[in-house]
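Encoded as structure tokens, the structure appears first; notes follow it.
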Amino acid sequence: MAANPTNNPFDQQVAIPGVKKIIAVASGKGGVGKSTIATNLALALKDYGTVGLLDADIYGPSIPRMMGALNQKPTINSGNQIEPLSRHGIKVMSIGFLVDEASAIVWRGPMLFKAMDQFFRDVQWGELDYLVIDLPPGTGDVQLSLVQKVPVAAAVIVTTPQNISLIDAKKAIDMFERTGVKIAGVVENMSYMLSESGEKIQLFPKGEIDSYLKSKNLLKLSEVPFNTNVSLGSESGIPIMESYSDSAEAVAIKVIAKKLRELV
Ligand SMILES: Nc1ncnc2c1ncn2[C@@H]1O[C@H](COP(=O)(O)OP(=O)(O)O)[C@@H](O)[C@H]1O
Ligand SMILES: [Mg+2]
């Protein structure tokens, strides 16, 4: 018997065939390292299964460059589906593969919804244990469309240590809570920098993140240090998880992957 039609938009969620766990990587602000964390986290998750990485940052897709796949195009297979690219051992899809890097995308809600549909229904993801989704900053149409269309296993929220970033991260947390998505926890990125003697240098003023997490009973998944190798890795298309996998930064991101495996 068909289910009773309801007005609840979350009743429209349909799983992506073959995809076990969807992990959303979100933030309030841009520039806090969401794409950097999403990319390296997806690579770290290879230790626990097959992985896909979807760049859903329609307004500023970074994954093609970060994964060394700039100017590459996905192909269409015989089933008329888009084949994601394979880079560094994971499957990758980005709106950036379909438009050139310098072009702006000016889309309204319905077009964004359509693009998200295509990412989920027209891409041949195959069998994946994890699909990591890099979201745009904020709580707009892309986030809404994601939580309405597919079951999200957990959200990972990225923030820098200071309140200016945390204030907006709280809004992202609120959105996921209100839409019934489990918050795996918060990543404090660019938490500190290690000096040559191993001393922690605080780059940003430390805000009230720890007391906030405690009050909300949320987990801090990891504190990822700042290191220019991280940004150089993103620029060169060889993320640190591939080139410096024993570095303090890569190890801090591996901790997120390990906790996700336990939590979701
Ligand atoms: N842990 C880190 N160490 C050094 N640079 C970082 C780190 N995390 C992010 N960055 C740099 O900060 C900038 C913003 O990161 P990005 O991942 O593009 O943020 P977002 O996706 O949130 O806008 C980039 O230049 C990136 O290389
Ligand atoms: Mg980004």
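Convention: chains lettered A, B, ... in structure tokens order; per-chain residue numbering from 1; ligands numbered from 1 as shown.
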Select from segment 107-228 of chain A everything DSSP, run on the backbone, classes as alpha helix (DSSP H), then give the selection as number ranges by chain. A: 109-117, 141-149, 163-178, 209-216, 228
Take the residues just selected and output them with N, CA and C atoms as a CSV table (one decimal), in the first residue's frame.
```csv
chain,number,residue,atom,x,y,z
A,109,GLY,N,16.9,29.1,-6.2
A,109,GLY,CA,16.5,27.9,-5.5
A,109,GLY,C,16.2,26.7,-6.4
A,110,PRO,N,15.2,26.8,-7.3
A,110,PRO,CA,14.8,25.7,-8.1
A,110,PRO,C,15.9,25.0,-8.9
A,111,MET,N,16.8,25.9,-9.4
A,111,MET,CA,17.9,25.3,-10.2
A,111,MET,C,18.9,24.6,-9.3
A,112,LEU,N,19.1,25.1,-8.1
A,112,LEU,CA,20.0,24.4,-7.1
A,112,LEU,C,19.4,23.1,-6.7
A,113,PHE,N,18.1,23.1,-6.5
A,113,PHE,CA,17.4,21.8,-6.2
A,113,PHE,C,17.6,20.8,-7.3
A,114,LYS,N,17.5,21.3,-8.5
A,114,LYS,CA,17.7,20.4,-9.7
A,114,LYS,C,19.1,19.8,-9.7
A,115,ALA,N,20.1,20.7,-9.5
A,115,ALA,CA,21.5,20.3,-9.5
A,115,ALA,C,21.7,19.3,-8.5
A,116,MET,N,21.1,19.5,-7.3
A,116,MET,CA,21.3,18.5,-6.2
A,116,MET,C,20.7,17.1,-6.6
A,117,ASP,N,19.6,17.2,-7.2
A,117,ASP,CA,18.9,16.0,-7.7
A,117,ASP,C,19.9,15.2,-8.6
A,141,ASP,N,19.7,27.2,0.5
A,141,ASP,CA,19.0,26.3,-0.3
A,141,ASP,C,19.7,24.9,-0.5
A,142,VAL,N,21.0,25.0,-0.6
A,142,VAL,CA,21.8,23.7,-0.8
A,142,VAL,C,21.6,22.8,0.4
A,143,GLN,N,21.8,23.3,1.6
A,143,GLN,CA,21.7,22.5,2.8
A,143,GLN,C,20.3,22.0,2.9
A,144,LEU,N,19.3,22.8,2.7
A,144,LEU,CA,17.9,22.4,2.8
A,144,LEU,C,17.6,21.3,1.8
A,145,SER,N,18.1,21.5,0.6
A,145,SER,CA,17.8,20.5,-0.4
A,145,SER,C,18.4,19.2,-0.1
A,146,LEU,N,19.7,19.2,0.5
A,146,LEU,CA,20.4,18.0,0.9
A,146,LEU,C,19.5,17.2,1.9
A,147,VAL,N,19.2,17.9,3.0
A,147,VAL,CA,18.5,17.2,4.1
A,147,VAL,C,17.1,16.7,3.7
A,148,GLN,N,16.5,17.4,2.7
A,148,GLN,CA,15.2,16.9,2.2
A,148,GLN,C,15.3,15.7,1.3
A,149,LYS,N,16.3,15.7,0.5
A,149,LYS,CA,16.4,14.7,-0.6
A,149,LYS,C,17.0,13.4,-0.2
A,163,ASN,N,35.3,33.1,18.3
A,163,ASN,CA,33.8,33.3,18.4
A,163,ASN,C,33.2,33.8,17.1
A,164,ILE,N,33.9,34.5,16.3
A,164,ILE,CA,33.4,35.1,15.1
A,164,ILE,C,33.0,34.0,14.1
A,165,SER,N,33.7,32.8,14.2
A,165,SER,CA,33.4,31.7,13.4
A,165,SER,C,32.3,30.8,14.1
A,166,LEU,N,32.5,30.7,15.4
A,166,LEU,CA,31.6,29.8,16.2
A,166,LEU,C,30.2,30.3,16.2
A,167,ILE,N,30.0,31.6,16.2
A,167,ILE,CA,28.6,32.2,16.2
A,167,ILE,C,27.8,31.7,15.0
A,168,ASP,N,28.5,31.6,13.9
A,168,ASP,CA,27.8,31.1,12.7
A,168,ASP,C,27.7,29.6,12.6
A,169,ALA,N,28.7,28.9,13.2
A,169,ALA,CA,28.7,27.5,13.3
A,169,ALA,C,27.5,27.0,14.1
A,170,LYS,N,27.1,27.8,15.1
A,170,LYS,CA,26.0,27.5,15.9
A,170,LYS,C,24.7,27.4,15.1
A,171,LYS,N,24.6,28.3,14.1
A,171,LYS,CA,23.4,28.4,13.3
A,171,LYS,C,23.3,27.1,12.4
A,172,ALA,N,24.5,26.7,11.9
A,172,ALA,CA,24.5,25.4,11.1
A,172,ALA,C,24.1,24.3,12.0
A,173,ILE,N,24.6,24.2,13.2
A,173,ILE,CA,24.2,23.2,14.1
A,173,ILE,C,22.7,23.2,14.4
A,174,ASP,N,22.2,24.4,14.6
A,174,ASP,CA,20.8,24.5,14.8
A,174,ASP,C,19.9,24.0,13.6
A,175,MET,N,20.4,24.3,12.4
A,175,MET,CA,19.7,23.9,11.2
A,175,MET,C,19.6,22.3,11.2
A,176,PHE,N,20.8,21.7,11.4
A,176,PHE,CA,20.8,20.2,11.3
A,176,PHE,C,20.0,19.6,12.4
A,177,GLU,N,20.1,20.2,13.6
A,177,GLU,CA,19.2,19.7,14.7
A,177,GLU,C,17.8,19.8,14.4
A,178,ARG,N,17.4,20.9,13.8
A,178,ARG,CA,16.0,21.1,13.5
A,178,ARG,C,15.5,20.2,12.4
A,209,ILE,N,34.3,28.1,22.5
A,209,ILE,CA,33.9,26.8,21.8
A,209,ILE,C,33.7,25.7,22.8
A,210,ASP,N,34.7,25.5,23.7
A,210,ASP,CA,34.6,24.3,24.6
A,210,ASP,C,33.4,24.4,25.5
A,211,SER,N,33.1,25.6,26.1
A,211,SER,CA,32.0,25.7,27.0
A,211,SER,C,30.7,25.5,26.2
A,212,TYR,N,30.7,26.0,25.0
A,212,TYR,CA,29.5,25.8,24.1
A,212,TYR,C,29.2,24.3,23.9
A,213,LEU,N,30.3,23.6,23.5
A,213,LEU,CA,30.1,22.2,23.1
A,213,LEU,C,29.6,21.4,24.4
A,214,LYS,N,30.2,21.8,25.5
A,214,LYS,CA,29.8,21.1,26.7
A,214,LYS,C,28.3,21.4,27.0
A,215,SER,N,27.9,22.6,26.9
A,215,SER,CA,26.5,23.0,27.2
A,215,SER,C,25.5,22.3,26.2
A,216,LYS,N,26.0,22.0,25.0
A,216,LYS,CA,25.1,21.3,24.0
A,216,LYS,C,25.3,19.8,24.0
A,228,THR,N,51.3,25.4,6.7
A,228,THR,CA,51.3,25.8,5.3
A,228,THR,C,51.3,24.6,4.4
```
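Contacts with ligand 2 are defined as any residue atom within 6 Å of a ligand atom, using only C-alpha atoms and all ligand atoms; the residues meeting this criterion are Lys34, Ser35 and Ser62 of chain A.
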Wanna dump the chain A-ligand 1 contacts at 6 Å for me, each residue with its shortest atom pair and the distance in Å to one decimal, counting only C-alpha atoms and all ligand atoms, ordered by chain and number, as CSV?
```
residue,atom,partner,partner_atom_place_in_ligand_line,distance
A:Gly30,CA,ligand 1,23 (O),3.9
A:Gly31,CA,ligand 1,23 (O),3.3
A:Val32,CA,ligand 1,22 (O),4.0
A:Gly33,CA,ligand 1,17 (O),3.2
A:Lys34,CA,ligand 1,22 (O),3.6
A:Ser35,CA,ligand 1,17 (O),3.7
A:Thr36,CA,ligand 1,17 (O),3.7
A:Asn189,CA,ligand 1,1 (N),5.6
A:Met190,CA,ligand 1,1 (N),4.6
A:Val224,CA,ligand 1,1 (N),5.7
A:Pro225,CA,ligand 1,1 (N),5.2
A:Phe226,CA,ligand 1,3 (N),3.5
A:Asn227,CA,ligand 1,3 (N),4.1
A:Thr228,CA,ligand 1,4 (C),4.8
A:Val230,CA,ligand 1,4 (C),4.7
A:Ser231,CA,ligand 1,27 (O),3.3
A:Ser234,CA,ligand 1,27 (O),5.7
```
Long-range neighbours of Met67 of chain A as a ChimeraX atom specification, 12 Å cut-off, only C-alpha atoms, 6 positions minimum in chain: /A:35-36,38-40,42-43,53-55,61,85-94,96-97,233-242
Atoms to include: N, CA and C atoms. Write the selected residues as a tab-separated table (two decimals), in the first residue's frame.
```tsv
chain	number	residue	atom	x	y	z
A	35	SER	N	36.32	22.76	2.95
A	35	SER	CA	36.72	21.94	1.80
A	35	SER	C	38.01	21.18	2.09
A	36	THR	N	38.91	21.82	2.81
A	36	THR	CA	40.18	21.18	3.18
A	36	THR	C	39.91	19.97	4.06
A	38	ALA	N	36.96	18.37	4.37
A	38	ALA	CA	36.15	17.38	3.64
A	38	ALA	C	37.04	16.51	2.76
A	39	THR	N	37.97	17.15	2.05
A	39	THR	CA	38.86	16.42	1.14
A	39	THR	C	39.74	15.44	1.90
A	40	ASN	N	40.41	15.94	2.92
A	40	ASN	CA	41.34	15.06	3.66
A	40	ASN	C	40.59	14.01	4.48
A	42	ALA	N	37.73	12.64	3.56
A	42	ALA	CA	37.31	11.61	2.59
A	42	ALA	C	38.48	10.66	2.32
A	43	LEU	N	39.68	11.21	2.19
A	43	LEU	CA	40.85	10.37	1.93
A	43	LEU	C	41.18	9.50	3.15
A	53	LEU	N	33.42	11.65	-2.82
A	53	LEU	CA	33.47	13.03	-2.33
A	53	LEU	C	32.66	13.89	-3.30
A	54	LEU	N	31.61	14.51	-2.77
A	54	LEU	CA	30.77	15.37	-3.60
A	54	LEU	C	30.95	16.82	-3.17
A	55	ASP	N	31.34	17.63	-4.12
A	55	ASP	CA	31.51	19.05	-3.88
A	55	ASP	C	30.18	19.73	-4.20
A	61	PRO	N	33.13	26.02	-5.87
A	61	PRO	CA	33.65	24.65	-5.84
A	61	PRO	C	35.18	24.63	-5.75
A	85	LEU	N	34.73	11.18	-11.39
A	85	LEU	CA	36.16	10.94	-11.63
A	85	LEU	C	36.72	10.12	-10.48
A	86	SER	N	37.82	9.45	-10.71
A	86	SER	CA	38.53	8.76	-9.62
A	86	SER	C	39.84	9.47	-9.39
A	87	ARG	N	40.05	9.95	-8.17
A	87	ARG	CA	41.31	10.62	-7.83
A	87	ARG	C	41.78	10.15	-6.46
A	88	HIS	N	43.05	9.87	-6.35
A	88	HIS	CA	43.64	9.44	-5.07
A	88	HIS	C	42.81	8.33	-4.41
A	89	GLY	N	42.22	7.48	-5.25
A	89	GLY	CA	41.53	6.31	-4.71
A	89	GLY	C	40.10	6.53	-4.25
A	90	ILE	N	39.54	7.71	-4.54
A	90	ILE	CA	38.13	7.92	-4.20
A	90	ILE	C	37.38	8.50	-5.42
A	91	LYS	N	36.06	8.39	-5.40
A	91	LYS	CA	35.26	8.94	-6.50
A	91	LYS	C	34.92	10.40	-6.20
A	92	VAL	N	35.00	11.23	-7.21
A	92	VAL	CA	34.84	12.67	-6.99
A	92	VAL	C	33.88	13.27	-8.00
A	93	MET	N	32.96	14.09	-7.50
A	93	MET	CA	32.06	14.82	-8.39
A	93	MET	C	31.94	16.26	-7.90
A	94	SER	N	31.94	17.19	-8.83
A	94	SER	CA	31.82	18.61	-8.47
A	94	SER	C	31.14	19.36	-9.60
A	96	GLY	N	32.07	22.02	-10.34
A	96	GLY	CA	33.24	22.63	-10.96
A	96	GLY	C	33.74	21.87	-12.18
A	97	PHE	N	33.38	20.59	-12.30
A	97	PHE	CA	33.78	19.84	-13.50
A	97	PHE	C	32.95	20.26	-14.71
A	233	GLY	N	49.20	21.67	-0.09
A	233	GLY	CA	48.64	20.41	-0.60
A	233	GLY	C	47.35	20.66	-1.37
A	234	SER	N	46.53	21.59	-0.84
A	234	SER	CA	45.27	21.91	-1.53
A	234	SER	C	45.54	22.58	-2.87
A	235	GLU	N	46.51	23.45	-2.90
A	235	GLU	CA	46.82	24.17	-4.14
A	235	GLU	C	47.38	23.23	-5.21
A	236	SER	N	48.18	22.28	-4.76
A	236	SER	CA	48.89	21.42	-5.72
A	236	SER	C	48.04	20.24	-6.17
A	237	GLY	N	46.93	20.00	-5.50
A	237	GLY	CA	46.09	18.87	-5.90
A	237	GLY	C	46.52	17.56	-5.28
A	238	ILE	N	47.50	17.63	-4.36
A	238	ILE	CA	47.89	16.41	-3.63
A	238	ILE	C	47.71	16.71	-2.14
A	239	PRO	N	46.51	16.40	-1.62
A	239	PRO	CA	46.22	16.74	-0.22
A	239	PRO	C	47.20	16.07	0.75
A	240	ILE	N	47.41	16.71	1.92
A	240	ILE	CA	48.39	16.18	2.87
A	240	ILE	C	48.11	14.74	3.28
A	241	MET	N	46.85	14.32	3.21
A	241	MET	CA	46.55	12.93	3.58
A	241	MET	C	47.29	11.96	2.66
A	242	GLU	N	47.61	12.43	1.45
A	242	GLU	CA	48.34	11.59	0.50
A	242	GLU	C	49.84	11.83	0.58
```
May I have the residues within 9 Å of Leu203 of chain A as a PyMOL selection string, using only C-alpha atoms and disregarding those fewer than 2 positions away in the same chain? chain A and resi 190-193+201+205-206+226
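Relative to atom CA of Ile256 of chain A, atom CA of Glu208 of chain A is found at 21.1 Å.
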